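Below is one structure; the comments refer to it alone.
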Amino acid sequence: LAVLFLTLSLASFALGWTIAGYAFTALLVIAAGAALLGACIGCVVYFQYKQFMARRRLRT
């Protein structure tokens, strides 16, 4: 996620979209801070996605 947020931040600033650039920079800081504290946001998102797909499969 950090690479994605960094890329989006740099692209936003390059295109002159300063508000979007600052928003992606803030998300980058949050993701990096969470990773330093031992929480992996990508792992949580992946787990929630797998749970969603499992529940969806059970309904059909």
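In the structure tokens, each chain is lettered A, B, ... as it comes, each chain's residues begin at 1, and ligands are numbered from 1 in order of appearance.
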
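Counting only C-alpha atoms, Leu8 of chain A has the following residues at most 9 Å away, ignoring those fewer than 6 positions along the same chain: Ala20, Gly21, Phe24 and Thr25 of chain A.
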
### Message
So that I can check the surroundings of Leu4 of chain A, please list as a PyMOL selection string every protein, DNA and RNA residue that reaches within 12 Å of it, counting only C-alpha atoms and ignoring chain neighbours fewer than 3 positions away.
### Response
chain A and resi 1+7-11+24-25+27-28+31-32+42

Produce a file of the selected residues containing C-alpha atoms, as a PDB file, in the first residue's frame.
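After the write, result-v3.pdb holds the following:
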```pdb
ATOM      1  CA  LEU A   1       0.000   0.000   0.000  1.00  0.00           C
ATOM      2  CA  THR A   7       2.929   6.793  -6.518  1.00  0.00           C
ATOM      3  CA  LEU A   8      -0.534   8.344  -6.378  1.00  0.00           C
ATOM      4  CA  SER A   9       0.781  11.189  -4.247  1.00  0.00           C
ATOM      5  CA  LEU A  10       3.628  11.979  -6.622  1.00  0.00           C
ATOM      6  CA  ALA A  11       1.354  11.734  -9.663  1.00  0.00           C
ATOM      7  CA  PHE A  24      -2.560  10.411  -0.548  1.00  0.00           C
ATOM      8  CA  THR A  25       0.411  11.626   1.489  1.00  0.00           C
ATOM      9  CA  LEU A  27      -2.790   7.912   3.768  1.00  0.00           C
ATOM     10  CA  LEU A  28       0.858   7.024   3.194  1.00  0.00           C
ATOM     11  CA  ALA A  31      -0.130   3.168   6.492  1.00  0.00           C
ATOM     12  CA  ALA A  32       3.563   3.543   7.355  1.00  0.00           C
ATOM     13  CA  GLY A  42      -2.953  -4.776   3.485  1.00  0.00           C
TER      14      GLY A  42
END
```

### Nearest residue to Ala35 of chain A from the set A:Ala2, A:Arg57, A:Ser12, A:Phe52 (distances using only C-alpha atoms)
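Of all the options, A:Ala2 lies closest to Ala35 of chain A.
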